[in-house]
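Notes follow once the structure below has been shown.
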Amino acid sequence: MKNNKFFKRMILILIILLILLFFTSLILRNRLQDAEPENVIDSNTITAEEIEQNAEERELEGLKNADERTRIQQYCGKFIRYIESKDYESAYNLLYPDFKNNYFKTLDDFTKYVQEKFPSDLIIVSYDNIERQGQYYVLFTTITSPLEPDYSMDQRFFFVENDFNDFLLSFEVKQ
Amino acid sequence: MNFIDARLKIRRFIKKNRRKVMIVVVAIAIIVAINYVLKNMPEEETPRTTYEPNIAVMDSSEVPEKWQDEIKNRIDTFITYCNEKNYQSAYDMISDDCKNALFPTIDDFKEYVDYKFQVKRIYSIQNFSNLSNQYIYNVNLMSDFMATGSTGTNYGYLQEKFVFTEDDKNLKFAIGDFIRKDTLNAFSEDENLKIVVESKNVYYDHEAYTVRITNKTENIAVLSDQSVDNEIAILVNNKYRSYVTSSDVKIVLNPEEENTYTFVFNKYCDDGYAPKGMYFNNVRILQSFSGTEETRQEELDNAIRNYSIIINFNVED
């Protein structure tokens, strides 16, 4: 009888301890997460892949805190950066499928067009205006380059955003 | 009861009901733990936008949640039919009143579709204004710029109002800014004229009244020849609002003639005012009427009667 009483008491204490432990671990984990500086990585072990991953995470965090105008401008900037860095394939992959099909059936078509119409280096985009039409955004820009003082092109971009950093675009094709 | 007594009572109670107390404590702990975990679970974030398609631009009222998906789907289906030139299916979606007012035949509707859907359209919707049981949406019809980049065209869109009316737990659908048809059957009759305001078609920014006028005399009845202001008007917010017409239009009835007219007045359906009546402010029963400036005074001098007729609508203040 005494043993039974002792056993019950022990179970009660154990349950209380488990609950306390659970709470403490949760609280500590949250505090650690809050306090931990983002993207602190041991410089001796960092890899190119990790750098890229960190950059993407930072970009995503930035987008999550941004309003819709800023996000769409950043998407436009991303597209232009790909063109600037001659990563035409990545830029091509951002195009809306029907738009690709209508104007740039192959990557070569797109590359040829971009090389012909956009500055070859240092592209500057001025965001003149933005309009929203339901789920679509229309971005009015002017493209210039400090290396080509005579160059200036008004360019309309159209965006649809599916999720953070998940978007498709089309643009007015100049003849 | 002192503190020690209370402590002893509590202790005795706990001892006596140890099992029950334990169960209660564990249950509370579990509930608190689950609550804490759920509260701290990371929410799935989606891009924040300022787009609120079901909140009215005019007064921030919201379309009832139970209708929001239905409205979205109906607009989508209608525009899909129009894009596919499936005239009959699209036509069948529209309310009878709207058909009668704007598209009495399928050919009239075809004209509308062929004009508005010359190219494939994508669209955006925005709740614009809500009346008691009517939800008015602005619908922007755009060329499929995601597919074309608006290449070779100017970026722009056609806008019109689509209206949904709650009716016996269903939604009636109207397009072309058509809001509703009201039957009025308000009339005035004297020894000279009988005027019946039969009905009105309410559009977003104007009202079109169907008015039947009978000249009971053996003389000429002139109701409007643009000689003075507000010859035919409605009273809105204690101000006359004249009918929309051109300078060469005359409302003249020969002896014993009966005619039905449509008088259009500018008025926004969501301005909060109901017209109180229709005013015929310059009714003339004449022996002769030439319609020219030169003889006007002479004809007036010989008039049998020159007076006003008011037809009140039954509206509450």
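Letters for chains follow the order of the structure tokens (A, B, ...), residue numbers begin at 1 for each chain, and ligand numbers begin at 1 in the order shown.
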
What's the 6 Å shell around range 98-109 of chain A, counting only C-alpha atoms, without same-chain residues fewer than 3 positions away, as a PyMOL selection string? (chain A and resi 112) or (chain B and resi 147-148)

Output file for the selection above: C-alpha atoms, as a tab-separated table (two decimals), in the first residue's frame:
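Ended up saving to selection_34.tsv:
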chain	number	residue	atom	x	y	z
A	112	LYS	CA	19.49	37.68	-79.55
B	147	ALA	CA	0.91	36.69	-73.25
B	148	THR	CA	1.66	39.68	-75.45

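When DSSP is run on the backbone, the residues of range 255-299 of chain B that fall into alpha helix (DSSP H) are Glu293, Glu294, Thr295, Arg296, Gln297, Glu298 and Glu299 of chain B.
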
Using only C-alpha atoms, find the residues of chain B whose closest atom to chain A is at most 8 Å away, then write them as a list of chain:residue names. B:Met22, B:Val26, B:Ala29, B:Ala33, B:Glu45, B:Thr46, B:Pro47, B:Arg48, B:Thr49, B:Thr50, B:Tyr51, B:Pro53, B:Tyr123, B:Ser124, B:Ile125, B:Gln126, B:Asn140, B:Phe145, B:Met146, B:Ala147, B:Thr148, B:Gly149, B:Ser150, B:Thr151, B:Gly152

Interatomic distance, CA of Ser120 in chain A to CA of Thr70 in chain A (Å, one decimal): 25.4 Å

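Look at Ser145 in chain A: the protein and nucleic acid residues within 6 Å of it, using only C-alpha atoms and passing over chain neighbours fewer than 5 places away, are Leu122, Ile123 and Ile124 of chain A.
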
Resulting file, chosen residues, C-alpha atoms, as a short mmCIF file (atom, residue, chain, number, x, y, z; two decimals), in the first residue's frame:
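File written: part.cif
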data_model
loop_
_atom_site.label_atom_id
_atom_site.label_comp_id
_atom_site.auth_asym_id
_atom_site.auth_seq_id
_atom_site.Cartn_x
_atom_site.Cartn_y
_atom_site.Cartn_z
CA LEU A 122 25.57 48.46 -66.44
CA ILE A 123 21.83 48.67 -66.86
CA ILE A 124 19.96 51.30 -64.86
#
